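What follows is structure.pdb (PDB, C-alpha atoms).
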```pdb
ATOM      1  CA  MET A  21     -10.269  67.743  92.582
ATOM      2  CA  LYS A  22     -10.166  65.835  89.342
ATOM      3  CA  VAL A  23      -7.089  63.982  88.273
ATOM      4  CA  CYS A  24      -6.632  63.418  84.554
ATOM      5  CA  PHE A  25      -4.244  60.950  83.248
ATOM      6  CA  VAL A  26      -2.818  61.717  79.885
ATOM      7  CA  SER A  27      -1.648  58.774  77.918
ATOM      8  CA  SER A  28       1.659  59.142  76.228
ATOM      9  CA  LYS A  29       0.557  56.798  73.398
ATOM     10  CA  ARG A  30      -0.625  58.366  70.228
ATOM     11  CA  ALA A  31      -3.382  56.897  68.098
ATOM     12  CA  GLY A  32      -2.219  55.265  64.822
ATOM     13  CA  PHE A  33       0.624  53.047  63.715
ATOM     14  CA  THR A  34       4.304  53.376  64.280
ATOM     15  CA  LEU A  35       6.623  53.198  61.303
ATOM     16  CA  LEU A  36       7.673  49.654  62.240
ATOM     17  CA  GLU A  37       4.066  48.442  62.455
ATOM     18  CA  PHE A  38       3.304  50.023  59.093
ATOM     19  CA  VAL A  39       6.310  48.312  57.425
ATOM     20  CA  ILE A  40       5.286  44.937  58.902
ATOM     21  CA  TYR A  41       1.697  45.454  57.682
ATOM     22  CA  ILE A  42       2.878  46.319  54.148
ATOM     23  CA  GLY A  43       5.210  43.286  54.109
ATOM     24  CA  MET A  44       2.480  40.871  55.219
ATOM     25  CA  THR A  45      -0.038  42.321  52.757
ATOM     26  CA  THR A  46       2.510  42.032  49.940
ATOM     27  CA  MET A  47       3.209  38.371  50.782
ATOM     28  CA  VAL A  48      -0.518  37.548  50.790
ATOM     29  CA  LEU A  49      -1.079  39.320  47.448
ATOM     30  CA  VAL A  50       1.939  37.638  45.821
ATOM     31  CA  SER A  51       0.686  34.241  47.030
ATOM     32  CA  LEU A  52      -2.797  34.896  45.652
ATOM     33  CA  LEU A  53      -1.442  36.093  42.298
ATOM     34  CA  SER A  54       0.852  33.075  42.050
ATOM     35  CA  PHE A  55      -2.035  30.735  42.829
ATOM     36  CA  THR A  56      -4.304  32.435  40.281
ATOM     37  CA  TRP A  57      -1.550  32.376  37.635
ATOM     38  CA  SER A  58      -1.018  28.663  38.261
ATOM     39  CA  ILE A  59      -4.740  27.922  37.934
ATOM     40  CA  LEU A  60      -4.966  29.822  34.639
ATOM     41  CA  HIS A  61      -1.994  27.981  33.135
ATOM     42  CA  ASN A  62      -3.243  24.601  34.326
ATOM     43  CA  ARG A  63      -6.620  25.390  32.793
ATOM     44  CA  ALA A  64      -4.981  26.152  29.435
ATOM     45  CA  LYS A  65      -2.950  22.937  29.582
ATOM     46  CA  GLN A  66      -6.042  20.901  30.477
ATOM     47  CA  ALA A  67      -7.970  22.464  27.583
ATOM     48  CA  ALA A  68      -5.174  21.481  25.171
ATOM     49  CA  LEU A  69      -5.067  17.947  26.577
ATOM     50  CA  MET A  70      -8.854  17.633  26.313
ATOM     51  CA  GLU A  71      -8.702  18.759  22.671
ATOM     52  CA  VAL A  72      -6.059  16.097  21.933
ATOM     53  CA  ASN A  73      -8.084  13.401  23.738
ATOM     54  CA  ASN A  74     -11.368  14.305  22.053
ATOM     55  CA  SER A  75      -9.793  14.470  18.614
ATOM     56  CA  GLY A  76      -7.939  11.165  19.090
ATOM     57  CA  ASN A  77     -10.971   9.342  20.426
ATOM     58  CA  PHE A  78     -13.155  10.582  17.573
ATOM     59  CA  ALA A  79     -10.578   9.624  14.943
ATOM     60  CA  LEU A  80     -10.167   6.127  16.415
ATOM     61  CA  GLU A  81     -13.927   5.627  16.617
ATOM     62  CA  GLN A  82     -14.270   6.519  12.941
ATOM     63  CA  MET A  83     -11.418   4.205  11.906
ATOM     64  CA  LEU A  84     -12.762   1.319  13.985
ATOM     65  CA  TYR A  85     -16.302   1.827  12.689
ATOM     66  CA  TYR A  86     -15.291   1.641   9.028
ATOM     67  CA  THR A  87     -12.685  -1.094   9.530
ATOM     68  CA  ARG A  88     -15.167  -3.420  11.215
ATOM     69  CA  ARG A  89     -17.686  -2.939   8.411
ATOM     70  CA  ALA A  90     -15.240  -3.426   5.548
ATOM     71  CA  SER A  91     -14.970  -6.598   3.482
ATOM     72  CA  THR A  92     -11.222  -6.331   2.921
ATOM     73  CA  ILE A  93      -8.240  -4.152   3.656
ATOM     74  CA  GLY A  94      -7.240  -2.657   0.322
ATOM     75  CA  SER A  95      -3.922  -3.365  -1.349
ATOM     76  CA  ASP A  96      -3.190   0.405  -1.353
ATOM     77  CA  THR A  97      -2.908   0.346   2.450
ATOM     78  CA  ILE A  98       0.527   1.530   3.597
ATOM     79  CA  TYR A  99       1.908  -0.375   6.604
ATOM     80  CA  GLY A 100       4.883   0.303   8.836
ATOM     81  CA  THR A 101       5.733   3.829   7.720
ATOM     82  CA  ASP A 102       4.685   7.273   8.794
ATOM     83  CA  PRO A 103       2.329   8.453   7.496
ATOM     84  CA  GLY A 104       0.288   5.347   6.899
ATOM     85  CA  LYS A 105      -2.727   5.040   4.657
ATOM     86  CA  LEU A 106      -5.718   2.806   5.385
ATOM     87  CA  VAL A 107      -7.852   1.696   2.448
ATOM     88  CA  LEU A 108     -10.985  -0.298   3.248
ATOM     89  CA  THR A 109     -13.149  -1.926   0.594
ATOM     90  CA  SER A 110     -16.691  -3.148   0.918
ATOM     91  CA  ASN A 111     -19.066  -5.107  -1.293
ATOM     92  CA  THR A 112     -21.930  -2.667  -0.784
ATOM     93  CA  ASN A 113     -20.337   0.703   0.076
ATOM     94  CA  PRO A 114     -17.697   2.852  -1.637
ATOM     95  CA  THR A 115     -14.046   2.432  -0.726
ATOM     96  CA  VAL A 116     -13.044   4.305   2.434
ATOM     97  CA  THR A 117      -9.573   5.878   2.566
ATOM     98  CA  ILE A 118      -8.060   7.277   5.756
ATOM     99  CA  ASP A 119      -4.816   9.225   5.395
ATOM    100  CA  THR A 120      -3.053  12.420   6.436
ATOM    101  CA  TYR A 121      -2.413  15.713   4.689
ATOM    102  CA  GLN A 122      -0.609  18.944   5.513
ATOM    103  CA  THR A 123      -2.432  22.239   5.850
ATOM    104  CA  SER A 124      -2.156  25.597   7.596
ATOM    105  CA  VAL A 125      -4.663  26.866  10.133
ATOM    106  CA  ALA A 126      -5.083  30.191  11.894
ATOM    107  CA  LEU A 127      -4.748  30.017  15.680
ATOM    108  CA  GLY A 128      -5.381  33.509  16.923
ATOM    109  CA  GLU A 129      -3.343  35.724  14.625
ATOM    110  CA  THR A 130      -0.748  33.051  13.869
ATOM    111  CA  ILE A 131      -0.810  30.746  10.839
ATOM    112  CA  VAL A 132       0.340  27.291  11.950
ATOM    113  CA  PRO A 133       1.282  24.387   9.650
ATOM    114  CA  ILE A 134      -0.246  21.121  10.902
ATOM    115  CA  THR A 135      -0.921  17.608   9.670
ATOM    116  CA  LYS A 136      -4.532  16.415   9.790
ATOM    117  CA  LEU A 137      -6.209  13.037   9.457
ATOM    118  CA  ARG A 138      -8.982  12.735   6.890
ATOM    119  CA  LEU A 139     -11.535  10.178   5.760
ATOM    120  CA  GLN A 140     -12.798   9.840   2.189
ATOM    121  CA  HIS A 141     -15.754   7.803   0.889
ATOM    122  CA  GLY A 142     -15.072   6.785  -2.707
ATOM    123  CA  SER A 143     -14.535   9.918  -4.790
ATOM    124  CA  ALA A 144     -16.414  12.228  -2.395
ATOM    125  CA  THR A 145     -14.724  15.213  -0.782
ATOM    126  CA  PRO A 146     -12.525  14.107   2.146
ATOM    127  CA  ILE A 147     -13.704  14.929   5.669
ATOM    128  CA  ASP A 148     -11.268  15.965   8.419
ATOM    129  CA  ILE A 149     -11.474  13.684  11.431
ATOM    130  CA  THR A 150      -9.004  15.605  13.599
ATOM    131  CA  SER A 151      -9.416  19.112  14.956
ATOM    132  CA  ASP A 152      -7.734  22.265  13.648
ATOM    133  CA  ARG A 153      -6.088  22.584  17.069
ATOM    134  CA  VAL A 154      -4.417  19.170  16.854
ATOM    135  CA  HIS A 155      -1.366  18.099  14.856
ATOM    136  CA  VAL A 156      -0.998  14.460  13.755
ATOM    137  CA  ALA A 157       2.623  13.740  14.692
ATOM    138  CA  SER A 158       2.461  10.156  13.402
ATOM    139  CA  PHE A 159      -0.031   7.729  11.886
ATOM    140  CA  ILE A 160       1.337   4.192  11.592
ATOM    141  CA  LEU A 161      -0.471   1.014  10.619
ATOM    142  CA  ALA A 162       0.644  -2.560  11.271
ATOM    143  CA  ASN A 163      -0.710  -5.671   9.578
ATOM    144  CA  LEU A 164      -1.720  -8.155  12.293
ATOM    145  CA  THR A 165      -3.667 -10.410   9.946
ATOM    146  CA  SER A 166      -3.777 -14.052  10.928
ATOM    147  CA  ASP A 167      -4.757 -16.948   8.647
ATOM    148  CA  THR A 168      -8.444 -16.139   8.730
ATOM    149  CA  LEU A 169      -8.903 -12.733  10.369
ATOM    150  CA  PRO A 170      -7.758  -9.533   8.626
ATOM    151  CA  THR A 171      -6.597  -7.235  11.448
ATOM    152  CA  VAL A 172      -4.908  -3.855  11.424
ATOM    153  CA  GLN A 173      -3.194  -2.102  14.333
ATOM    154  CA  ILE A 174      -3.521   1.674  14.376
ATOM    155  CA  THR A 175      -0.995   3.897  16.172
ATOM    156  CA  LEU A 176      -1.901   7.574  16.205
ATOM    157  CA  HIS A 177       0.254  10.179  17.973
ATOM    158  CA  LEU A 178      -1.390  13.596  18.383
ATOM    159  CA  GLU A 179      -0.033  16.890  19.688
ATOM    160  CA  ALA A 180      -1.816  20.118  20.506
ATOM    161  CA  ALA A 181      -1.068  22.843  17.969
ATOM    162  CA  ASN A 182       1.158  25.240  19.915
ATOM    163  CA  PRO A 183       2.306  28.197  17.795
ATOM    164  CA  SER A 184       4.074  29.914  20.692
ATOM    165  CA  ASN A 185       5.844  26.712  21.843
ATOM    166  CA  SER A 186       4.673  27.505  25.359
ATOM    167  CA  VAL A 187       4.958  24.754  27.964
ATOM    168  CA  PHE A 188       1.514  25.777  29.184
ATOM    169  CA  TYR A 189      -0.112  24.665  25.917
ATOM    170  CA  GLU A 190       1.849  21.449  25.391
ATOM    171  CA  ALA A 191      -0.258  18.300  25.220
ATOM    172  CA  GLU A 192       0.331  15.039  23.417
ATOM    173  CA  LYS A 193      -0.949  11.498  23.484
ATOM    174  CA  THR A 194      -0.389   8.256  21.615
ATOM    175  CA  PHE A 195      -3.446   6.148  20.829
ATOM    176  CA  VAL A 196      -2.987   2.474  19.931
ATOM    177  CA  THR A 197      -5.783   0.112  18.975
ATOM    178  CA  SER A 198      -6.481  -2.718  16.592
ATOM    179  CA  ALA A 199      -9.506  -3.626  14.535
ATOM    180  CA  THR A 200     -10.514  -6.895  12.963
ATOM    181  CA  LEU A 201     -12.760  -7.024   9.930
ATOM    182  CA  ARG A 202     -16.015  -8.834  10.512
ATOM    183  CA  ILE A 203     -16.120 -11.480   7.836
ATOM    184  CA  GLN A 204     -19.680 -12.134   6.714
TER     185      GLN A 204
END
```
What do you get writing this file as structure tokens?
Amino acid sequence: MKVCFVSSKRAGFTLLEFVIYIGMTTMVLVSLLSFTWSILHNRAKQAALMEVNNSGNFALEQMLYYTRRASTIGSDTIYGTDPGKLVLTSNTNPTVTIDTYQTSVALGETIVPITKLRLQHGSATPIDITSDRVHVASFILANLTSDTLPTVQITLHLEAANPSNSVFYEAEKTFVTSATLRIQ
């Protein structure tokens, strides 16, 4: 004679097991979405900061290059106020003027008013030396000239253009350097 044992357990999940499974799956998905969201926002912030850094470094390199090759700092140079104006004269090259101007740029579908830094050789058309995605918050020059060495200190504060005023796109940096003319 054969004896069969019938199990009283049914295949599948109970309601309690199913609720626990859904809860754990939901927690894992929420954690993954939160992590992904955080990475995307940090990436946007880093991109804005990199734009500010690149623009500031390029602008300072240009100002240092022309300042070191100038014969004199022009009398039209504006010190101690924002915005400053740097005028560099040379015996062999045209006068170089570095100043700011206001303009509007399109970022996405939004028109944003910003201040840009520009460089002008003599009467030629000025060239922008800051990016369209960067706003010049301040440009201040200080006269550090000693008895024999004409020196100018440059303070440049840049901010990322942020039309939505989102904290995820905020980036700013202040660059400070000085340049001494090479007297020949």
I need the output of the PyMOL selection byres ((chain A and resi 171) around 7) for this file as an mmCIF file with C-alpha atoms, in the coordinates of the input; which residues are they?
```
data_model
loop_
_atom_site.group_PDB
_atom_site.id
_atom_site.type_symbol
_atom_site.label_atom_id
_atom_site.label_comp_id
_atom_site.auth_asym_id
_atom_site.auth_seq_id
_atom_site.Cartn_x
_atom_site.Cartn_y
_atom_site.Cartn_z
ATOM 1 C CA ASN A 163 -0.710 -5.671 9.578
ATOM 2 C CA LEU A 164 -1.720 -8.155 12.293
ATOM 3 C CA THR A 165 -3.667 -10.410 9.946
ATOM 4 C CA LEU A 169 -8.903 -12.733 10.369
ATOM 5 C CA PRO A 170 -7.758 -9.533 8.626
ATOM 6 C CA VAL A 172 -4.908 -3.855 11.424
ATOM 7 C CA GLN A 173 -3.194 -2.102 14.333
ATOM 8 C CA SER A 198 -6.481 -2.718 16.592
ATOM 9 C CA ALA A 199 -9.506 -3.626 14.535
ATOM 10 C CA THR A 200 -10.514 -6.895 12.963
ATOM 11 C CA LEU A 201 -12.760 -7.024 9.930
#
```
> Which residues come within 9 Å of Arg202 (chain A), counting all atoms listed in the file, excluding same-chain residues fewer than 4 positions away, as an MDAnalysis selection string?
Replying inline: chainID A and resid 87:91 169:170
>> So that I can check the surroundings of Ile93 (chain A), please list as an MDAnalysis selection string every protein, DNA and RNA residue that reaches within 7 Å of it, counting only C-alpha atoms and ignoring chain neighbours fewer than 4 positions away.
In response: chainID A and resid 107:109
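Using only C-alpha atoms, the smallest distance between any of A:Tyr99, A:Phe78, A:Phe188, A:Phe38 and Leu137 (chain A) comes from A:Phe78.
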>> Taking the file as I've supplied it (selection: the PyMOL selection byres ((chain A and resi 77) around 12)), which residues are included? Please answer as number ranges by chain.
In response: A: 70-76, 78-84, 149-151, 176-178, 193-197
Around region 171-189 of chain A, fit a box with edges along x, y and z, padding it by 6 Å on each side, then list its centre and edge lengths in Å to one decimal as lines of an AutoDock Vina configuration file.
```
center_x = -0.4
center_y = 11.3
center_z = 20.3
size_x = 24.4
size_y = 49.1
size_z = 29.8
```
> Using only C-alpha atoms, can you list as a ChimeraX atom specification the residues within 12 Å of (2.2, 26.2, 17.9)?
Replying inline: /A:68,124-134,152-155,179-191
Could you turn the residues from that selection into a file that holds C-alpha atoms, as a CSV table (one decimal), in the coordinates of the input?
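Result written to part-v4.csv:
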```csv
chain,number,residue,atom,x,y,z
A,68,ALA,CA,-5.2,21.5,25.2
A,124,SER,CA,-2.2,25.6,7.6
A,125,VAL,CA,-4.7,26.9,10.1
A,126,ALA,CA,-5.1,30.2,11.9
A,127,LEU,CA,-4.7,30.0,15.7
A,128,GLY,CA,-5.4,33.5,16.9
A,129,GLU,CA,-3.3,35.7,14.6
A,130,THR,CA,-0.7,33.1,13.9
A,131,ILE,CA,-0.8,30.7,10.8
A,132,VAL,CA,0.3,27.3,12.0
A,133,PRO,CA,1.3,24.4,9.6
A,134,ILE,CA,-0.2,21.1,10.9
A,152,ASP,CA,-7.7,22.3,13.6
A,153,ARG,CA,-6.1,22.6,17.1
A,154,VAL,CA,-4.4,19.2,16.9
A,155,HIS,CA,-1.4,18.1,14.9
A,179,GLU,CA,0.0,16.9,19.7
A,180,ALA,CA,-1.8,20.1,20.5
A,181,ALA,CA,-1.1,22.8,18.0
A,182,ASN,CA,1.2,25.2,19.9
A,183,PRO,CA,2.3,28.2,17.8
A,184,SER,CA,4.1,29.9,20.7
A,185,ASN,CA,5.8,26.7,21.8
A,186,SER,CA,4.7,27.5,25.4
A,187,VAL,CA,5.0,24.8,28.0
A,188,PHE,CA,1.5,25.8,29.2
A,189,TYR,CA,-0.1,24.7,25.9
A,190,GLU,CA,1.8,21.4,25.4
A,191,ALA,CA,-0.3,18.3,25.2
```
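Computed from the coordinates, the CA of Asn113 (chain A) to CA of Arg138 (chain A) distance equals 17.9 Å.
Taking CA of Glu37 (chain A) and CA of Ser51 (chain A) as the two end points, the separation is 21.2 Å.
When CA of Ile98 (chain A) is paired with CA of Tyr121 (chain A), their separation reads 14.5 Å.
Distance annotation: of A:Thr92, A:Asn62, A:Thr123, A:Thr168, the residue with the minimal separation from Asn111 (chain A) is A:Thr92; atom set is only C-alpha atoms.
Distance check against Glu192 (chain A) using all atoms listed in the file: of A:Leu161, A:Leu52, A:Ile147, A:Ala67, the minimum falls on A:Ala67.
The shortest atom-to-atom distance to Gly100 (chain A), with only C-alpha atoms taken into account, belongs to A:Ser158 out of A:Ser58, A:Thr34, A:Ser166, A:Ser158.
Proximity to Ile174 (chain A) was assessed for A:Thr115, A:Ser110, A:Thr135, A:Thr101 counting only C-alpha atoms; the smallest distance is recorded for A:Thr101.
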Enumerate, as a CSV table (one decimal) with C-alpha atoms, in the coordinates of the input, the residues matched when the PyMOL selection byres ((chain A and resi 105) around 9) is run on the file above.
```
chain,number,residue,atom,x,y,z
A,96,ASP,CA,-3.2,0.4,-1.4
A,97,THR,CA,-2.9,0.3,2.4
A,98,ILE,CA,0.5,1.5,3.6
A,99,TYR,CA,1.9,-0.4,6.6
A,102,ASP,CA,4.7,7.3,8.8
A,103,PRO,CA,2.3,8.5,7.5
A,104,GLY,CA,0.3,5.3,6.9
A,106,LEU,CA,-5.7,2.8,5.4
A,107,VAL,CA,-7.9,1.7,2.4
A,117,THR,CA,-9.6,5.9,2.6
A,118,ILE,CA,-8.1,7.3,5.8
A,119,ASP,CA,-4.8,9.2,5.4
A,120,THR,CA,-3.1,12.4,6.4
A,159,PHE,CA,0.0,7.7,11.9
A,160,ILE,CA,1.3,4.2,11.6
A,161,LEU,CA,-0.5,1.0,10.6
```
